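Listing of final-v3.txt; format and content: compact mmCIF, C-alpha atoms.
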```txt
# COMPACT_ATOMS: atom_id res chain seq x y z
CA GLY J 242 2.83 -3.75 -27.07
CA ALA J 243 3.30 -1.93 -23.77
CA VAL J 244 7.03 -2.39 -23.41
CA VAL J 245 8.89 -0.74 -20.59
CA SER J 246 12.64 -0.50 -20.94
CA GLN J 247 14.93 0.10 -18.00
CA HIS J 248 18.60 1.02 -18.16
CA PRO J 249 21.12 0.07 -16.96
CA SER J 250 20.38 -3.50 -16.02
CA TRP J 251 23.14 -3.44 -13.45
CA VAL J 252 25.51 -0.87 -12.04
CA ILE J 253 28.31 -0.88 -9.50
CA CYS J 254 29.29 2.41 -7.92
CA LYS J 255 31.43 3.67 -5.11
CA SER J 256 29.97 4.95 -1.88
CA GLY J 257 29.17 8.65 -2.09
CA THR J 258 28.56 8.78 -5.81
CA SER J 259 25.22 9.19 -7.57
CA VAL J 260 23.57 6.78 -9.95
CA LYS J 261 20.86 7.50 -12.50
CA ILE J 262 18.40 4.83 -13.64
CA GLU J 263 16.21 5.39 -16.69
CA CYS J 264 12.77 3.99 -17.34
CA ARG J 265 11.23 4.37 -20.77
CA SER J 266 7.86 3.41 -22.17
CA LEU J 267 8.72 2.34 -25.71
CA ASP J 268 5.39 2.06 -27.47
CA PHE J 269 3.01 4.02 -25.30
CA GLN J 270 2.92 7.23 -23.34
CA ALA J 271 3.04 7.02 -19.58
CA THR J 272 1.87 10.01 -17.58
CA THR J 273 2.49 8.01 -14.44
CA MET J 274 5.27 5.57 -13.65
CA PHE J 275 5.97 3.68 -10.47
CA TRP J 276 9.35 2.98 -8.90
CA TYR J 277 9.83 -0.07 -6.71
CA ARG J 278 12.66 -1.44 -4.65
CA GLN J 279 13.14 -5.15 -4.01
CA PHE J 280 15.51 -6.88 -1.62
CA PRO J 281 16.54 -10.49 -2.24
CA LYS J 282 13.71 -12.97 -1.82
CA GLN J 283 11.33 -10.22 -0.79
CA SER J 284 8.38 -8.46 -2.31
CA LEU J 285 8.30 -5.17 -4.14
CA MET J 286 8.16 -2.02 -2.08
CA LEU J 287 6.67 0.99 -3.78
CA MET J 288 9.04 3.92 -3.40
CA ALA J 289 7.35 6.64 -5.37
CA THR J 290 4.91 7.52 -8.10
CA SER J 291 6.44 9.53 -10.90
CA ASN J 292 4.16 12.09 -12.55
CA GLU J 293 4.97 13.68 -15.90
CA GLY J 294 5.45 17.39 -15.57
CA SER J 295 4.99 17.53 -11.82
CA LYS J 296 6.58 16.39 -8.59
CA ALA J 297 6.76 12.76 -7.70
CA THR J 298 4.72 11.37 -4.86
CA TYR J 299 6.90 9.54 -2.37
CA GLU J 300 5.83 6.76 -0.05
CA GLN J 301 6.22 7.19 3.66
CA GLY J 302 9.78 6.64 4.80
CA VAL J 303 11.35 7.21 1.38
CA GLU J 304 13.76 10.14 1.35
CA LYS J 305 12.88 12.39 -1.56
CA ASP J 306 16.26 14.13 -1.43
CA LYS J 307 18.06 10.84 -1.71
CA PHE J 308 15.93 9.29 -4.42
CA LEU J 309 15.40 12.03 -6.98
CA ILE J 310 12.74 11.37 -9.56
CA ASN J 311 12.33 13.30 -12.78
CA HIS J 312 9.54 12.64 -15.28
CA ALA J 313 10.26 15.21 -17.96
CA SER J 314 8.49 13.54 -20.86
CA LEU J 315 5.63 11.16 -21.47
CA THR J 316 8.03 8.30 -22.17
CA LEU J 317 10.88 8.79 -19.71
CA SER J 318 11.20 8.77 -15.96
CA THR J 319 14.53 8.74 -14.15
CA LEU J 320 15.48 7.76 -10.63
CA THR J 321 18.73 9.14 -9.27
CA VAL J 322 20.16 7.63 -6.13
CA THR J 323 22.24 10.41 -4.66
CA SER J 324 25.23 9.91 -2.39
CA ALA J 325 24.75 6.18 -2.56
CA HIS J 326 25.73 3.99 0.38
CA PRO J 327 26.05 0.22 0.63
CA GLU J 328 22.61 -0.02 2.23
CA ASP J 329 21.15 1.41 -0.99
CA SER J 330 22.27 -1.71 -2.80
CA SER J 331 19.10 -3.30 -4.10
CA PHE J 332 17.05 -4.17 -7.16
CA TYR J 333 15.12 -1.19 -8.50
CA ILE J 334 12.19 -1.74 -10.86
CA CYS J 335 9.96 0.69 -12.69
CA SER J 336 6.51 0.11 -14.11
CA ALA J 337 3.66 1.81 -15.90
CA SER J 338 0.14 0.96 -16.98
CA ASN J 339 -1.13 1.28 -20.52
CA PRO J 340 -2.99 3.52 -20.93
CA SER J 341 -1.44 5.81 -18.37
CA PRO J 342 -3.05 7.11 -16.36
CA GLY J 343 -5.56 4.34 -16.53
CA PRO J 344 -8.46 3.01 -14.52
CA PRO J 345 -7.55 2.07 -10.97
CA GLY J 346 -5.98 -1.35 -10.70
CA ARG J 347 -4.99 -1.69 -14.33
CA PRO J 348 -2.21 -4.26 -14.88
CA LEU J 349 1.31 -2.89 -14.80
CA HIS J 350 4.08 -3.38 -17.30
CA PHE J 351 7.49 -3.65 -15.70
CA GLY J 352 10.99 -2.89 -16.78
CA ASN J 353 13.60 -5.59 -16.28
CA GLY J 354 15.01 -3.90 -13.23
CA THR J 355 18.38 -2.45 -12.28
CA ARG J 356 20.69 -4.23 -9.87
CA LEU J 357 22.57 -1.54 -7.92
CA THR J 358 25.62 -2.49 -5.92
CA VAL J 359 27.31 0.20 -3.86
CA THR J 360 30.82 -0.64 -2.71
CA SER A 788 2.51 -5.14 6.35
CA GLN A 789 1.85 -6.36 2.85
CA GLN A 790 -1.75 -6.47 1.71
CA GLY A 791 -1.23 -9.84 0.12
CA GLU A 792 0.39 -12.82 1.73
CA GLU A 793 1.31 -15.81 -0.35
CA ASP A 794 1.42 -19.34 0.84
CA PRO A 795 3.61 -21.30 0.60
CA GLN A 796 6.73 -19.17 0.54
CA ALA A 797 8.50 -21.84 -1.45
CA LEU A 798 7.26 -24.78 -3.48
CA SER A 799 9.28 -27.48 -5.19
CA ILE A 800 7.59 -29.96 -7.53
CA GLN A 801 8.40 -32.30 -10.40
CA GLU A 802 7.73 -31.48 -14.01
CA GLY A 803 4.20 -32.49 -14.98
CA GLU A 804 2.75 -31.95 -11.52
CA ASN A 805 0.34 -29.18 -10.68
CA ALA A 806 1.41 -26.21 -8.56
CA THR A 807 -0.99 -24.35 -6.32
CA MET A 808 -0.20 -21.05 -4.66
CA ASN A 809 -2.46 -19.14 -2.32
CA CYS A 810 -2.84 -15.48 -1.54
CA SER A 811 -4.70 -13.83 1.31
CA TYR A 812 -5.47 -10.16 1.68
CA LYS A 813 -6.99 -7.91 4.26
CA THR A 814 -9.12 -5.17 2.73
CA SER A 815 -11.81 -5.04 0.05
CA ILE A 816 -10.51 -5.06 -3.49
CA ASN A 817 -11.50 -4.13 -7.03
CA ASN A 818 -9.43 -6.86 -8.56
CA LEU A 819 -6.57 -9.24 -7.82
CA GLN A 820 -3.71 -9.91 -10.17
CA TRP A 821 -0.98 -12.50 -10.40
CA TYR A 822 2.50 -11.73 -11.66
CA ARG A 823 5.52 -13.84 -12.42
CA GLN A 824 9.14 -12.83 -11.87
CA ASN A 825 12.10 -14.71 -13.23
CA SER A 826 15.25 -14.35 -11.18
CA GLY A 827 16.81 -10.93 -11.62
CA ARG A 828 14.11 -9.69 -13.97
CA GLY A 829 11.02 -7.53 -13.85
CA LEU A 830 7.52 -8.79 -13.25
CA VAL A 831 5.21 -10.06 -15.96
CA HIS A 832 1.46 -9.81 -15.61
CA LEU A 833 -0.24 -13.21 -15.84
CA ILE A 834 -3.91 -12.82 -15.10
CA LEU A 835 -6.44 -10.48 -13.50
CA ILE A 836 -9.62 -11.51 -11.72
CA ARG A 837 -12.25 -8.98 -10.78
CA SER A 838 -13.95 -8.90 -7.42
CA ASN A 839 -17.22 -10.12 -8.94
CA GLU A 840 -15.56 -13.12 -10.58
CA ARG A 841 -14.93 -16.43 -8.87
CA GLU A 842 -12.75 -18.26 -11.36
CA LYS A 843 -10.73 -17.47 -14.42
CA HIS A 844 -8.61 -19.51 -16.82
CA SER A 845 -5.75 -18.63 -19.11
CA GLY A 846 -3.93 -21.50 -20.77
CA ARG A 847 -2.46 -23.66 -18.01
CA LEU A 848 -3.35 -21.08 -15.37
CA ARG A 849 -6.45 -21.20 -13.24
CA VAL A 850 -7.20 -18.49 -10.70
CA THR A 851 -9.92 -18.54 -8.10
CA LEU A 852 -11.12 -15.74 -5.88
CA ASP A 853 -13.11 -16.02 -2.68
CA THR A 854 -13.95 -12.51 -1.50
CA SER A 855 -15.72 -13.81 1.60
CA LYS A 856 -12.46 -15.40 2.74
CA LYS A 857 -10.33 -12.69 1.16
CA SER A 858 -8.22 -15.25 -0.59
CA SER A 859 -7.15 -16.31 -4.05
CA SER A 860 -5.33 -19.27 -5.50
CA LEU A 861 -3.22 -19.71 -8.61
CA LEU A 862 -3.05 -23.19 -10.11
CA ILE A 863 -0.48 -24.03 -12.76
CA THR A 864 -1.29 -27.33 -14.40
CA ALA A 865 1.18 -29.70 -16.01
CA SER A 866 4.12 -27.65 -14.80
CA ARG A 867 7.30 -27.28 -16.81
CA ALA A 868 10.84 -26.47 -15.77
CA ALA A 869 10.37 -23.10 -17.47
CA ASP A 870 7.65 -22.27 -14.94
CA THR A 871 10.35 -21.93 -12.29
CA ALA A 872 10.00 -18.37 -11.00
CA SER A 873 8.57 -16.29 -8.19
CA TYR A 874 4.85 -15.65 -8.30
CA PHE A 875 3.25 -12.61 -6.69
CA CYS A 876 -0.34 -11.70 -6.10
CA ALA A 877 -1.25 -8.02 -6.17
CA THR A 878 -4.43 -6.41 -5.00
CA ALA A 879 -6.04 -3.29 -6.37
CA SER A 880 -8.26 -1.30 -4.06
CA SER A 881 -9.47 2.25 -4.52
CA GLY A 882 -6.91 4.26 -6.47
CA SER A 883 -4.39 2.94 -8.94
CA ARG A 884 -1.64 1.59 -6.75
CA LEU A 885 -1.20 -2.15 -6.60
CA THR A 886 -0.05 -3.77 -3.40
CA PHE A 887 2.10 -6.85 -3.83
CA GLY A 888 2.30 -9.89 -1.63
CA GLU A 889 5.45 -11.58 -0.40
CA GLY A 890 5.60 -14.06 -3.26
CA THR A 891 5.95 -17.80 -3.71
CA GLN A 892 9.18 -19.19 -5.11
CA LEU A 893 8.26 -22.08 -7.39
CA THR A 894 10.89 -24.59 -8.48
CA VAL A 895 9.91 -27.15 -11.09
CA ASN A 896 12.43 -29.95 -11.28
CA PRO A 897 12.95 -31.61 -14.67
```

Written as structure tokens, that's how I'd like the structure from this file.
Amino acid sequence: GAVVSQHPSWVICKSGTSVKIECRSLDFQATTMFWYRQFPKQSLMLMATSNEGSKATYEQGVEKDKFLINHASLTLSTLTVTSAHPEDSSFYICSASNPSPGPPGRPLHFGNGTRLTVT
Amino acid sequence: SQQGEEDPQALSIQEGENATMNCSYKTSINNLQWYRQNSGRGLVHLILIRSNEREKHSGRLRVTLDTSKKSSSLLITASRAADTASYFCATASSGSRLTFGEGTQLTVNP
């Protein structure tokens, strides 16, 4: 149980276009989901916390107008990279805990990530 | 800076050998977790150790926690080529957000 599905697994887009990444909890409901960004051979950087039915909470330095997060249902959160540029090329990963929200520090279940390449 | 720092950054061993990775952190924690990441994939939770625990086992994994030194170690015994992956420690303090370390890239040669 506790499967998180992320789609697409990879995407290539042209500079200036927008890309939407979906994160679904398949067998549980996730009030809260987390979006991370990871550069090659580096750790995960938390970008934002997605909250069902309310605004996302963004980490310091993350542009909320560039990385739009929508959490319209208990099983789906989306991250849209708007007006993408080559420097946005990265590996984006979502995660959620089960149950969600859960006790602080509960283990996270991760999607398989999305490799974004902006040309 | 990252809460957790893994050591070494990279480790290469032969199949059958044991692999030990270390993690240090800076602030008090509720628990510490270890995750595994295969190349180009998401992370998979391996094991969680609470702040009042000193050692925990799960299969070929052994985790220790020394809160006085703010450090943890992950031991993988009898390693296999399939253990090749990056391993991250993550600390949980007050609140629900985990903070991940820099990771150790483990290569197990057949």

Closest atom pairs, chain J residues within 10 Å of chain A, only C-alpha atoms, as a Markdown table:
```
| residue | atom | partner | partner_atom | distance |
| --- | --- | --- | --- | --- |
| J:Val245 | CA | A:Gly829 | CA | 9.8 |
| J:Gln247 | CA | A:Gly829 | CA | 9.5 |
| J:Ser250 | CA | A:Arg828 | CA | 9.0 |
| J:Trp251 | CA | A:Gly827 | CA | 10.0 |
| J:Phe275 | CA | A:Arg884 | CA | 8.7 |
| J:Pro281 | CA | A:Gly827 | CA | 9.4 |
| J:Lys282 | CA | A:Gly890 | CA | 8.3 |
| J:Gln283 | CA | A:Glu889 | CA | 6.0 |
| J:Ser284 | CA | A:Glu889 | CA | 4.7 |
| J:Leu285 | CA | A:Phe887 | CA | 6.4 |
| J:Met286 | CA | A:Phe887 | CA | 7.9 |
| J:Leu287 | CA | A:Thr886 | CA | 8.2 |
| J:Thr290 | CA | A:Arg884 | CA | 8.9 |
| J:Phe332 | CA | A:Gly827 | CA | 8.1 |
| J:Tyr333 | CA | A:Gly829 | CA | 9.3 |
| J:Ile334 | CA | A:Gly829 | CA | 6.6 |
| J:Cys335 | CA | A:Gly829 | CA | 8.4 |
| J:Ser336 | CA | A:Gly829 | CA | 8.9 |
| J:Ser338 | CA | A:Ser883 | CA | 9.4 |
| J:Pro342 | CA | A:Ser883 | CA | 8.6 |
| J:Gly343 | CA | A:Ser883 | CA | 7.8 |
| J:Pro344 | CA | A:Ser883 | CA | 6.9 |
| J:Pro345 | CA | A:Ser883 | CA | 3.9 |
| J:Gly346 | CA | A:Ala879 | CA | 4.7 |
| J:Arg347 | CA | A:Ser883 | CA | 7.1 |
| J:Pro348 | CA | A:His832 | CA | 6.7 |
| J:Leu349 | CA | A:His832 | CA | 7.0 |
| J:His350 | CA | A:Val831 | CA | 6.9 |
| J:Phe351 | CA | A:Gly829 | CA | 5.6 |
| J:Gly352 | CA | A:Gly829 | CA | 5.5 |
| J:Asn353 | CA | A:Gly829 | CA | 4.0 |
| J:Gly354 | CA | A:Gly829 | CA | 5.4 |
| J:Thr355 | CA | A:Arg828 | CA | 8.6 |
| J:Arg356 | CA | A:Gly827 | CA | 7.9 |
```

Write to file, as a short mmCIF file (atom, residue, chain, number, x, y, z; two decimals), in the coordinates of the input, the residues of the selection just made, with C-alpha atoms.
```
data_model
loop_
_atom_site.label_atom_id
_atom_site.label_comp_id
_atom_site.auth_asym_id
_atom_site.auth_seq_id
_atom_site.Cartn_x
_atom_site.Cartn_y
_atom_site.Cartn_z
CA VAL J 245 8.89 -0.74 -20.59
CA GLN J 247 14.93 0.10 -18.00
CA SER J 250 20.38 -3.50 -16.02
CA TRP J 251 23.14 -3.44 -13.45
CA PHE J 275 5.97 3.68 -10.47
CA PRO J 281 16.54 -10.49 -2.24
CA LYS J 282 13.71 -12.97 -1.82
CA GLN J 283 11.33 -10.22 -0.79
CA SER J 284 8.38 -8.46 -2.31
CA LEU J 285 8.30 -5.17 -4.14
CA MET J 286 8.16 -2.02 -2.08
CA LEU J 287 6.67 0.99 -3.78
CA THR J 290 4.91 7.52 -8.10
CA PHE J 332 17.05 -4.17 -7.16
CA TYR J 333 15.12 -1.19 -8.50
CA ILE J 334 12.19 -1.74 -10.86
CA CYS J 335 9.96 0.69 -12.69
CA SER J 336 6.51 0.11 -14.11
CA SER J 338 0.14 0.96 -16.98
CA PRO J 342 -3.05 7.11 -16.36
CA GLY J 343 -5.56 4.34 -16.53
CA PRO J 344 -8.46 3.01 -14.52
CA PRO J 345 -7.55 2.07 -10.97
CA GLY J 346 -5.98 -1.35 -10.70
CA ARG J 347 -4.99 -1.69 -14.33
CA PRO J 348 -2.21 -4.26 -14.88
CA LEU J 349 1.31 -2.89 -14.80
CA HIS J 350 4.08 -3.38 -17.30
CA PHE J 351 7.49 -3.65 -15.70
CA GLY J 352 10.99 -2.89 -16.78
CA ASN J 353 13.60 -5.59 -16.28
CA GLY J 354 15.01 -3.90 -13.23
CA THR J 355 18.38 -2.45 -12.28
CA ARG J 356 20.69 -4.23 -9.87
#
```

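Atom pair CA of Cys264 in chain J / CA of Phe280 in chain J: separated by 19.3 Å.
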
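You will find CA of Lys307 in chain J at 19.2 Å from CA of His248 in chain J.
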
So that I can see what lies close to Ala325 in chain J, please list as a list in words the residues with an atom at most 12 Å from it, counting all atoms listed in the file and leaving out residues fewer than 3 positions away in the same chain. Val252, Ile253, Cys254, Lys255, Ser256, Gly257, Thr258, Ser259, Val260, Lys261, Asp306, Lys307, Phe308, Leu309, Thr321, Val322, Glu328, Asp329, Ser330, Ser331, Leu357, Thr358, Val359 and Thr360 of chain J

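Atom pair CA of Ala297 in chain J / CA of Ser246 in chain J has a distance of 19.6 Å (rounded to one decimal).
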
For Ala865 in chain A, the closest of A:Val850, A:Gly803, A:Asn809, A:Pro897 counting all atoms listed in the file is A:Gly803

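Among A:Ser799, A:Ser815, A:Asn805, A:Asn896, the residue with the shortest atom-to-atom distance to Ala869 in chain A, counting only C-alpha atoms, is A:Asn896.
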
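Candidate residues A:Ile836, A:Cys876, A:Lys813, A:Lys843 were compared for distance to Ser855 in chain A, and the nearest is A:Lys813, using only C-alpha atoms.
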
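Using only C-alpha atoms, the protein and nucleic acid residues lying at most 12 Å from the point (1.3, 16.5, -13.8) are Ala271, Thr272, Thr273, Met274, Thr290, Ser291, Asn292, Glu293, Gly294, Ser295, Lys296, Ala297, Thr298, Asn311, His312, Ala313, Ser314, Leu315, Ser341 and Pro342 of chain J.
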
Using all atoms listed in the file, find the one residue out of J:Ile262, J:Leu320, J:Leu267, J:Val244 that sits nearest to Ala289 in chain J. J:Leu320

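When all atoms listed in the file are used to measure the gap to Leu893 in chain A, the shortest distance among A:Cys810, A:Leu852, A:Arg823, A:Lys857 belongs to A:Arg823.
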